[in-house]
>>> print(open('protein-v5.cif').read())   # mmCIF, C-alpha atoms, pLDDT in the B column; chains and numbers go by the auth columns
data_structure
#
loop_
_atom_site.group_PDB
_atom_site.id
_atom_site.type_symbol
_atom_site.label_atom_id
_atom_site.label_comp_id
_atom_site.label_asym_id
_atom_site.label_seq_id
_atom_site.Cartn_x
_atom_site.Cartn_y
_atom_site.Cartn_z
_atom_site.B_iso_or_equiv
_atom_site.auth_seq_id
_atom_site.auth_asym_id
ATOM 1 C CA MET A 1 -7.447 17.911 7.046 51.00 15 A
ATOM 2 C CA GLU A 2 -6.391 15.437 4.404 68.00 16 A
ATOM 3 C CA ALA A 3 -5.307 11.844 4.941 73.00 17 A
ATOM 4 C CA ARG A 4 -2.604 10.349 2.782 90.00 18 A
ATOM 5 C CA ILE A 5 -1.273 6.852 2.499 92.00 19 A
ATOM 6 C CA ASN A 6 2.002 6.246 4.296 94.00 20 A
ATOM 7 C CA THR A 7 3.818 4.832 1.285 95.00 21 A
ATOM 8 C CA LYS A 8 7.048 4.501 3.274 96.00 22 A
ATOM 9 C CA LEU A 9 5.525 1.540 5.142 96.00 23 A
ATOM 10 C CA ILE A 10 4.899 -0.232 1.852 97.00 24 A
ATOM 11 C CA GLU A 11 8.270 0.639 0.347 97.00 25 A
ATOM 12 C CA ASP A 12 10.103 -0.446 3.515 97.00 26 A
ATOM 13 C CA TYR A 13 8.240 -3.765 3.567 98.00 27 A
ATOM 14 C CA ILE A 14 9.189 -4.437 -0.049 98.00 28 A
ATOM 15 C CA LYS A 15 12.823 -3.551 0.626 98.00 29 A
ATOM 16 C CA ASP A 16 13.101 -5.403 3.966 97.00 30 A
ATOM 17 C CA ASN A 17 11.684 -8.586 2.442 97.00 31 A
ATOM 18 C CA ASN A 18 13.724 -8.359 -0.769 98.00 32 A
ATOM 19 C CA LEU A 19 10.603 -8.348 -2.930 97.00 33 A
ATOM 20 C CA SER A 20 10.007 -6.878 -6.329 97.00 34 A
ATOM 21 C CA LYS A 21 6.883 -4.779 -6.716 97.00 35 A
ATOM 22 C CA LYS A 22 5.476 -7.568 -8.860 97.00 36 A
ATOM 23 C CA GLU A 23 6.055 -10.103 -6.081 98.00 37 A
ATOM 24 C CA PHE A 24 4.510 -7.757 -3.525 98.00 38 A
ATOM 25 C CA CYS A 25 1.435 -7.337 -5.697 98.00 39 A
ATOM 26 C CA LYS A 26 1.102 -11.097 -5.977 98.00 40 A
ATOM 27 C CA LEU A 27 1.315 -11.443 -2.179 97.00 41 A
ATOM 28 C CA CYS A 28 -1.377 -8.804 -1.713 97.00 42 A
ATOM 29 C CA GLY A 29 -3.601 -9.944 -4.537 97.00 43 A
ATOM 30 C CA ILE A 30 -3.590 -6.566 -6.271 97.00 44 A
ATOM 31 C CA SER A 31 -2.431 -5.477 -9.714 96.00 45 A
ATOM 32 C CA GLN A 32 0.726 -3.520 -10.412 97.00 46 A
ATOM 33 C CA PRO A 33 -1.197 -0.489 -11.746 96.00 47 A
ATOM 34 C CA VAL A 34 -3.152 -0.359 -8.473 96.00 48 A
ATOM 35 C CA LEU A 35 0.077 -0.445 -6.456 97.00 49 A
ATOM 36 C CA LYS A 36 1.434 2.371 -8.602 96.00 50 A
ATOM 37 C CA LYS A 37 -1.683 4.448 -7.811 95.00 51 A
ATOM 38 C CA ILE A 38 -1.342 3.711 -4.101 95.00 52 A
ATOM 39 C CA LEU A 39 2.335 4.689 -4.069 95.00 53 A
ATOM 40 C CA ARG A 40 1.525 7.920 -5.910 93.00 54 A
ATOM 41 C CA ASN A 41 -1.305 8.670 -3.460 90.00 55 A
ATOM 42 C CA GLN A 42 -3.826 8.784 -6.270 88.00 56 A
ATOM 43 C CA GLN A 43 -7.392 8.201 -5.196 84.00 57 A
ATOM 44 C CA ASN A 44 -8.918 6.261 -8.066 89.00 58 A
ATOM 45 C CA PHE A 45 -8.708 2.672 -6.835 89.00 59 A
ATOM 46 C CA TYR A 46 -10.934 0.458 -4.734 92.00 60 A
ATOM 47 C CA ILE A 47 -10.507 0.652 -0.962 92.00 61 A
ATOM 48 C CA THR A 48 -10.357 -3.147 -0.883 96.00 62 A
ATOM 49 C CA ALA A 49 -6.840 -2.866 -2.322 95.00 63 A
ATOM 50 C CA LEU A 50 -5.738 -1.028 0.819 95.00 64 A
ATOM 51 C CA PHE A 51 -7.263 -3.723 3.010 97.00 65 A
ATOM 52 C CA LYS A 52 -5.249 -6.310 1.093 97.00 66 A
ATOM 53 C CA VAL A 53 -2.053 -4.288 1.488 97.00 67 A
ATOM 54 C CA ALA A 54 -2.714 -3.787 5.207 97.00 68 A
ATOM 55 C CA ARG A 55 -3.309 -7.514 5.658 97.00 69 A
ATOM 56 C CA THR A 56 -0.008 -8.316 3.928 97.00 70 A
ATOM 57 C CA LEU A 57 1.847 -5.788 6.087 97.00 71 A
ATOM 58 C CA LYS A 58 0.036 -7.162 9.180 97.00 72 A
ATOM 59 C CA LEU A 59 -1.370 -3.726 9.996 96.00 73 A
ATOM 60 C CA HIS A 60 -4.783 -2.313 10.741 95.00 74 A
ATOM 61 C CA ILE A 61 -6.099 -0.286 7.816 94.00 75 A
ATOM 62 C CA HIS A 62 -5.916 2.999 9.756 94.00 76 A
ATOM 63 C CA GLU A 63 -2.165 2.514 10.257 94.00 77 A
ATOM 64 C CA LEU A 64 -1.630 3.024 6.517 93.00 78 A
ATOM 65 C CA PHE A 65 -2.793 6.638 6.733 92.00 79 A
ATOM 66 C CA ILE A 66 -1.069 9.817 7.855 88.00 80 A
ATOM 67 C CA ARG A 67 -2.663 13.210 8.320 76.00 81 A
ATOM 68 C CA VAL A 68 -1.384 16.069 6.216 71.00 82 A
#
>>> encode(input="protein-v5.cif", output="structure tokens")
Amino acid sequence: MEARINTKLIEDYIKDNNLSKKEFCKLCGISQPVLKKILRNQQNFYITALFKVARTLKLHIHELFIRV
């Protein structure tokens, strides 16, 4: 079983808060290339980036994942 990042949560947060991806990255403390990797479900970034995203979305880290 593979776990993937629920990118819809991130995209909805950006849309609901009228943020640009650049502004979202600034809020999280991550770079734009890292966000791009997260949204594409690539796996070559540090896990700490997901913790920062989860903190910004006010979620537990496990809530960012879906099983495929």
>>> residues_around(input="protein-v5.cif", residues="segment 37-48 of chain A", least_positions_apart="3", cutoff="12 Å", atoms="only C-alpha atoms", output="MDAnalysis selection string")
chainID A and resid 24:34 51:72
>>> atom_distance(input="protein-v5.cif", atom1="atom CA of Arg81 of chain A", atom2="atom CA of Lys36 of chain A")
28.2 Å
>>> resolve_selection(input="protein-v5.cif", expression="the PyMOL selection byres ((chain A and resi 19) around 6)", output="number ranges by chain")
A: 18, 20-21, 78-79
>>> axis_aligned_box(input="protein-v5.cif", around="segment 27-30 of chain A", padding_each_side="4 Å", output="JSON")
{"center_x": 10.7, "center_y": -4.5, "center_z": 2.0, "size_x": 12.9, "size_y": 9.9, "size_z": 12.0}
>>> build_atoms(input="protein-v5.cif", residues="segment 38-64 of chain A", atoms="N, CA and C atoms", output="short mmCIF file (atom, residue, chain, number, x, y, z; two decimals), keeping the file's coordinate frame")
data_model
loop_
_atom_site.label_atom_id
_atom_site.label_comp_id
_atom_site.auth_asym_id
_atom_site.auth_seq_id
_atom_site.Cartn_x
_atom_site.Cartn_y
_atom_site.Cartn_z
N PHE A 38 5.34 -8.34 -4.57
CA PHE A 38 4.51 -7.76 -3.52
C PHE A 38 3.05 -7.74 -3.95
N CYS A 39 2.80 -7.36 -5.18
CA CYS A 39 1.44 -7.34 -5.70
C CYS A 39 0.81 -8.72 -5.65
N LYS A 40 1.59 -9.72 -6.00
CA LYS A 40 1.10 -11.10 -5.98
C LYS A 40 0.75 -11.51 -4.55
N LEU A 41 1.60 -11.14 -3.58
CA LEU A 41 1.32 -11.44 -2.18
C LEU A 41 0.01 -10.79 -1.71
N CYS A 42 -0.19 -9.56 -2.13
CA CYS A 42 -1.38 -8.80 -1.71
C CYS A 42 -2.63 -9.22 -2.47
N GLY A 43 -2.45 -9.65 -3.70
CA GLY A 43 -3.60 -9.94 -4.54
C GLY A 43 -4.14 -8.70 -5.22
N ILE A 44 -3.21 -7.78 -5.54
CA ILE A 44 -3.59 -6.57 -6.27
C ILE A 44 -2.76 -6.49 -7.55
N SER A 45 -3.17 -5.63 -8.46
CA SER A 45 -2.43 -5.48 -9.71
C SER A 45 -1.32 -4.43 -9.55
N GLN A 46 -0.37 -4.49 -10.45
CA GLN A 46 0.73 -3.52 -10.41
C GLN A 46 0.25 -2.09 -10.66
N PRO A 47 -0.70 -1.86 -11.58
CA PRO A 47 -1.20 -0.49 -11.75
C PRO A 47 -1.86 0.06 -10.48
N VAL A 48 -2.53 -0.81 -9.73
CA VAL A 48 -3.15 -0.36 -8.47
C VAL A 48 -2.07 0.02 -7.46
N LEU A 49 -1.02 -0.79 -7.37
CA LEU A 49 0.08 -0.44 -6.46
C LEU A 49 0.69 0.88 -6.85
N LYS A 50 0.86 1.10 -8.13
CA LYS A 50 1.43 2.37 -8.60
C LYS A 50 0.56 3.55 -8.16
N LYS A 51 -0.76 3.39 -8.25
CA LYS A 51 -1.68 4.45 -7.81
C LYS A 51 -1.58 4.68 -6.31
N ILE A 52 -1.47 3.59 -5.56
CA ILE A 52 -1.34 3.71 -4.10
C ILE A 52 -0.06 4.45 -3.75
N LEU A 53 1.04 4.07 -4.37
CA LEU A 53 2.34 4.69 -4.07
C LEU A 53 2.39 6.15 -4.50
N ARG A 54 1.59 6.52 -5.46
CA ARG A 54 1.52 7.92 -5.91
C ARG A 54 0.45 8.71 -5.17
N ASN A 55 -0.23 8.06 -4.23
CA ASN A 55 -1.30 8.67 -3.46
C ASN A 55 -2.44 9.17 -4.35
N GLN A 56 -2.66 8.48 -5.44
CA GLN A 56 -3.83 8.78 -6.27
C GLN A 56 -5.04 8.17 -5.60
N GLN A 57 -6.21 8.65 -5.92
CA GLN A 57 -7.39 8.20 -5.20
C GLN A 57 -8.40 7.46 -6.07
N ASN A 58 -7.97 6.94 -7.19
CA ASN A 58 -8.92 6.26 -8.07
C ASN A 58 -8.65 4.76 -8.12
N PHE A 59 -8.79 4.13 -6.94
CA PHE A 59 -8.71 2.67 -6.84
C PHE A 59 -9.68 2.24 -5.74
N TYR A 60 -9.99 0.97 -5.73
CA TYR A 60 -10.93 0.46 -4.73
C TYR A 60 -10.27 0.34 -3.36
N ILE A 61 -11.01 0.69 -2.33
CA ILE A 61 -10.51 0.65 -0.96
C ILE A 61 -10.10 -0.77 -0.57
N THR A 62 -10.71 -1.76 -1.21
CA THR A 62 -10.36 -3.15 -0.88
C THR A 62 -8.87 -3.42 -1.13
N ALA A 63 -8.27 -2.70 -2.06
CA ALA A 63 -6.84 -2.87 -2.32
C ALA A 63 -6.03 -2.49 -1.09
N LEU A 64 -6.45 -1.43 -0.39
CA LEU A 64 -5.74 -1.03 0.82
C LEU A 64 -5.90 -2.05 1.94
#
